[in-house]
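S.K.: Below is a structure I'd like to ask you about.
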Amino acid sequence: MSTNPRVVHKRRETITALPLYHSGHLLKKLTKEKDFKRFYGELRGATLFLYKDDTQDTYTEKVDLEQLKSMELDSSYKKKEPTIFTLSLSTEELQLKMDNPDTGEVWRGFILTVGKKEIPSKLQLLPGQMMQLKETLNQERKRNPKLCRAPTLPPRPSFLQPSGSGNNSPSPSEEKSAPELPACFFDVTRQEAEKMLKENPENGSIILRPSTLAHNYALTLRQHTPSGPAVKNYRLTSTNSGFVIELETPVTVSSLNDVLKYFLEKTGYHLHPYVVSQPYDTRIEASPAPKCISITSPTPKQVPKAQVAPVIRSKTKEELQPPPEPEDNDYVVPDDGDLKFVNLESELKGVLKLRRQNFYAECGQKEAANYENQTKRKTLSNTMEWTTKNSTM
């Protein structure tokens with residue numbers, strides 16, 4: 001039963017997730033190999049996918065033309081003779097052989113256009129073929145120019161580090177360029193991954209890890225079946241556009257996170273990514289209060305009061321005036337029981353001294369002296385008069 005070409009083409013498009021630019025039969029070998037092998041080639045994006053024949057939906061080999069350094073004609077141009085090109089890549093050197101020079105020139109134009117991102121200056125092609133190259137170049141420039149390189153591997157878990165091993169942490173430059181990885185990705189072997197899932201089922205049931213094939217990855221899972229726990233391993237092939245999950249019908253996704261999401265959906269979310277458990281505290285304790293701080297109600301601070309000398313009010317001129325002279329017959333005669341002898345002279349001196357001090361504060365020295373002399377004379381006169389009257393009474 002023959003396979004429908006449209007079905008094959010659809011499957012290839014799903015697996016590679018890249019646009020098809022050119023296809024046809026060709027032969028390929030490494031420079032160190034002796035004989036060429038025949039393939040059916042498809043140029044999708046900047047990758048040449050090689051199939052055993054045009055009915056196979058999964059490619060056998062692929063050539064990353066982003067690594068192309070040069071493409072040289074290995075044999076002289078001869079009409080109706082096979083044409084051989086030598087392709088120098090960053091990692092290897094190979095040869096492609098076409099049935100005739102015309103077919104070889106078309107392949108050369110497409111390979112150099114997608115590999116160098118420009119149309120070669122010297123091509124012997126028809127106008128329609130040159131238009132196809134221009135459309136190919138425009139489509140390639142619209143695609144994301146950045147390659148989905150294999151992400152930098154994270155450091156191995158501490159419990160899997162061999163004794164005496166050095167620090168395998170990536171350099172700061174590698175960490176900056178590495179894309180985000182799922183939390184269940186570990187740099188372990190198949191045996192180590194199976195051991196982790198078996199001994200720690202509570203941590204999860206899916207582990208992403210590197211594959212034994214360069215630049216590829218693998219997924220290890222452990223699930224319960226009617227016959228008991230079963231461990232399975234799946235290959236993840238890295239491509240320019242993402243990753244291919246190698247199933248009976250291959251599935252292409254754009255990242256390792258999408259790989260994990262696909263497996264979770266297909267298993268009905270009964271499986272969980274493997275994450276190393278970390279210890280957590282379950283109690284909250286109050287910290288003791290510092291010795292210098294009281295946890296009771298705070299005592300208000302005593303603000304020191306400013307010490308200000310009392311204000312001494314100076315007497316006015318009216319208050320400094322001497323008392324009015326008593327009129328004749330205007331005397332107070334005390335009772336015989338209350339009469340006391342007073343040292344009149346000392347009392348008068350004290351009054352005079354106080355008045356003199358207050359007056360100096362208000363008047364000048366000269367006026368104060370004159371006033372003092374007048375006061376002394378008047379006071380002395382009043383005293384003598386009062387004494388004379390008391391003696392005659």
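FYI, nothing fancy with the structure tokens labels: chains A, B, ... in order, residues from 1 per chain, ligands from 1 as they appear.
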Residues at most 9 Å from A:Ser23, counting only C-alpha atoms, excluding those fewer than 2 positions away in the same chain, as number ranges by chain?

M.R.: A: 20-21, 25, 40-44, 107

S.K.: If we count only C-alpha atoms and set the cut-off at 9 Å, which residues sit around stretch 130-142 of chain A, ignoring sequence neighbours fewer than 4 positions away in its own chain? Please answer as a list in words.

M.R.: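 The filter keeps Pro19, Tyr21, Gly45, Ala46, Gly109, Phe110, Thr113, Val114, Lys117, Glu118, Ile119, Leu123, Leu125 and Leu126 of chain A.
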
S.K.: From stretch 5-105 of chain A, collect each residue whose DSSP state is helix (DSSP H, G or I) and return the set as a list in words.

M.R.: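 Reading the DSSP output for stretch 5-105 of chain A, helix (DSSP H, G or I) covers Pro5, Arg6, Val7, Val8, His9, Lys10, Arg11, Arg12, Glu13, Thr14, Ile15, Thr16, Leu65, Glu66, Gln67, Pro101, Asp102, Thr103, Gly104 and Glu105 of chain A.
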
S.K.: Just the residues within 12 Å of A:Ala230, please, counting only C-alpha atoms, with nothing from its chain fewer than 2 positions along; format it as a list in words.

M.R.: Glu194, Leu197, Lys198, Ser205, Thr220, Leu221, Arg222, Gln223, His224, Thr225, Pro226, Ser227, Gly228, Lys232 and Asn233 of chain A

S.K.: Grab the residues selected above and save them as a PDB file, in the first residue's frame with N, CA, C and O atoms.

M.R.:
ATOM      1  N   GLU A 194      16.676   7.173  36.964  1.00  0.00           N
ATOM      2  CA  GLU A 194      15.792   6.096  37.408  1.00  0.00           C
ATOM      3  C   GLU A 194      15.933   5.856  38.905  1.00  0.00           C
ATOM      4  O   GLU A 194      14.946   5.598  39.600  1.00  0.00           O
ATOM      5  N   LEU A 197      14.034   8.642  40.849  1.00  0.00           N
ATOM      6  CA  LEU A 197      12.586   8.448  40.827  1.00  0.00           C
ATOM      7  C   LEU A 197      12.159   7.280  41.716  1.00  0.00           C
ATOM      8  O   LEU A 197      11.098   7.333  42.345  1.00  0.00           O
ATOM      9  N   LYS A 198      12.990   6.252  41.777  1.00  0.00           N
ATOM     10  CA  LYS A 198      12.639   5.066  42.569  1.00  0.00           C
ATOM     11  C   LYS A 198      12.778   5.339  44.063  1.00  0.00           C
ATOM     12  O   LYS A 198      11.930   4.922  44.859  1.00  0.00           O
ATOM     13  N   SER A 205       7.720  12.523  39.495  1.00  0.00           N
ATOM     14  CA  SER A 205       7.805  11.320  38.655  1.00  0.00           C
ATOM     15  C   SER A 205       8.332  11.598  37.253  1.00  0.00           C
ATOM     16  O   SER A 205       8.335  10.692  36.417  1.00  0.00           O
ATOM     17  N   THR A 220      12.842  10.983  31.423  1.00  0.00           N
ATOM     18  CA  THR A 220      12.630   9.748  32.176  1.00  0.00           C
ATOM     19  C   THR A 220      11.436   9.950  33.097  1.00  0.00           C
ATOM     20  O   THR A 220      11.374  10.943  33.834  1.00  0.00           O
ATOM     21  N   LEU A 221      10.494   8.991  33.060  1.00  0.00           N
ATOM     22  CA  LEU A 221       9.316   9.083  33.932  1.00  0.00           C
ATOM     23  C   LEU A 221       9.041   7.731  34.576  1.00  0.00           C
ATOM     24  O   LEU A 221       9.429   6.675  34.060  1.00  0.00           O
ATOM     25  N   ARG A 222       8.372   7.798  35.699  1.00  0.00           N
ATOM     26  CA  ARG A 222       7.996   6.585  36.452  1.00  0.00           C
ATOM     27  C   ARG A 222       6.517   6.695  36.765  1.00  0.00           C
ATOM     28  O   ARG A 222       6.066   7.667  37.370  1.00  0.00           O
ATOM     29  N   GLN A 223       5.744   5.701  36.308  1.00  0.00           N
ATOM     30  CA  GLN A 223       4.299   5.728  36.513  1.00  0.00           C
ATOM     31  C   GLN A 223       3.808   4.358  36.950  1.00  0.00           C
ATOM     32  O   GLN A 223       4.442   3.321  36.684  1.00  0.00           O
ATOM     33  N   HIS A 224       2.662   4.368  37.619  1.00  0.00           N
ATOM     34  CA  HIS A 224       2.091   3.123  38.129  1.00  0.00           C
ATOM     35  C   HIS A 224       1.226   2.473  37.048  1.00  0.00           C
ATOM     36  O   HIS A 224       0.446   3.145  36.367  1.00  0.00           O
ATOM     37  N   THR A 225       1.379   1.195  36.891  1.00  0.00           N
ATOM     38  CA  THR A 225       0.601   0.396  35.937  1.00  0.00           C
ATOM     39  C   THR A 225      -0.036  -0.770  36.699  1.00  0.00           C
ATOM     40  O   THR A 225       0.324  -1.033  37.862  1.00  0.00           O
ATOM     41  N   PRO A 226      -0.984  -1.461  36.070  1.00  0.00           N
ATOM     42  CA  PRO A 226      -1.599  -2.613  36.755  1.00  0.00           C
ATOM     43  C   PRO A 226      -0.590  -3.656  37.208  1.00  0.00           C
ATOM     44  O   PRO A 226      -0.814  -4.346  38.217  1.00  0.00           O
ATOM     45  N   SER A 227       0.530  -3.762  36.500  1.00  0.00           N
ATOM     46  CA  SER A 227       1.550  -4.749  36.871  1.00  0.00           C
ATOM     47  C   SER A 227       2.597  -4.181  37.819  1.00  0.00           C
ATOM     48  O   SER A 227       3.531  -4.891  38.183  1.00  0.00           O
ATOM     49  N   GLY A 228       2.471  -2.885  38.207  1.00  0.00           N
ATOM     50  CA  GLY A 228       3.435  -2.294  39.120  1.00  0.00           C
ATOM     51  C   GLY A 228       4.075  -1.045  38.525  1.00  0.00           C
ATOM     52  O   GLY A 228       3.793  -0.667  37.376  1.00  0.00           O
ATOM     53  N   LYS A 232      10.038   4.665  32.086  1.00  0.00           N
ATOM     54  CA  LYS A 232      10.151   4.812  30.638  1.00  0.00           C
ATOM     55  C   LYS A 232      11.067   5.987  30.314  1.00  0.00           C
ATOM     56  O   LYS A 232      11.134   6.963  31.068  1.00  0.00           O
ATOM     57  N   ASN A 233      11.761   5.872  29.189  1.00  0.00           N
ATOM     58  CA  ASN A 233      12.671   6.928  28.722  1.00  0.00           C
ATOM     59  C   ASN A 233      12.307   7.318  27.299  1.00  0.00           C
ATOM     60  O   ASN A 233      12.059   6.453  26.446  1.00  0.00           O
TER      61      ASN A 233
END

S.K.: Leaving out A:Lys62 and any residue of its chain fewer than 2 positions from it, which residues lie within 7 Å of it when counting only C-alpha atoms, given as number ranges by chain?

M.R.: A: 47-50, 64

S.K.: Could those residues be written to a file, using all heavy atoms, as a compact mmCIF listing (two decimals), in the first residue's frame?

M.R.:
# COMPACT_ATOMS: atom_id res chain seq x y z
N THR A 47 18.06 24.21 7.47
CA THR A 47 18.47 22.83 7.75
C THR A 47 18.13 21.95 6.56
O THR A 47 17.03 22.05 5.99
CB THR A 47 17.76 22.30 9.01
OG1 THR A 47 18.04 23.18 10.11
CG2 THR A 47 18.24 20.91 9.36
N LEU A 48 19.07 21.09 6.21
CA LEU A 48 18.87 20.10 5.14
C LEU A 48 18.53 18.77 5.80
O LEU A 48 19.37 18.14 6.46
CB LEU A 48 20.13 19.97 4.29
CG LEU A 48 20.10 18.92 3.17
CD1 LEU A 48 19.00 19.24 2.15
CD2 LEU A 48 21.45 18.81 2.47
N PHE A 49 17.27 18.33 5.66
CA PHE A 49 16.82 17.06 6.22
C PHE A 49 16.96 15.98 5.15
O PHE A 49 16.54 16.17 4.01
CB PHE A 49 15.36 17.15 6.68
CG PHE A 49 15.16 18.10 7.85
CD1 PHE A 49 14.82 19.43 7.63
CD2 PHE A 49 15.33 17.64 9.15
CE1 PHE A 49 14.64 20.29 8.70
CE2 PHE A 49 15.14 18.51 10.22
CZ PHE A 49 14.81 19.83 10.00
N LEU A 50 17.52 14.84 5.54
CA LEU A 50 17.78 13.73 4.62
C LEU A 50 16.93 12.53 5.00
O LEU A 50 16.95 12.10 6.16
CB LEU A 50 19.27 13.36 4.63
CG LEU A 50 20.24 14.50 4.26
CD1 LEU A 50 21.68 14.05 4.42
CD2 LEU A 50 19.97 14.99 2.84
N ASP A 64 22.99 21.14 9.53
CA ASP A 64 22.71 22.51 9.97
C ASP A 64 23.52 23.47 9.11
O ASP A 64 24.73 23.63 9.29
CB ASP A 64 23.09 22.66 11.44
CG ASP A 64 22.72 24.04 11.99
OD1 ASP A 64 22.09 24.82 11.24
OD2 ASP A 64 23.06 24.33 13.15

S.K.: Just to confirm, what's the straight-line distance from atom CA of A:Gly104 to atom CA of A:Asn240 in Å (one decimal)?

M.R.: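 Result for atom CA of A:Gly104 versus atom CA of A:Asn240: 24.9 Å, one decimal.
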
S.K.: With only C-alpha atoms as the basis for distance, which of A:Tyr51, A:Phe36, A:Glu13, A:Arg356 is at the shortest distance from A:Gln95?

M.R.: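 Closest to A:Gln95, using only C-alpha atoms: A:Phe36.
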
S.K.: Using atom CA of A:Val106 and atom CA of A:Thr252 as the two end points, give the distance in Å to one decimal.

M.R.: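 Atom-to-atom, atom CA of A:Val106 and atom CA of A:Thr252 are spaced 29.1 Å apart.
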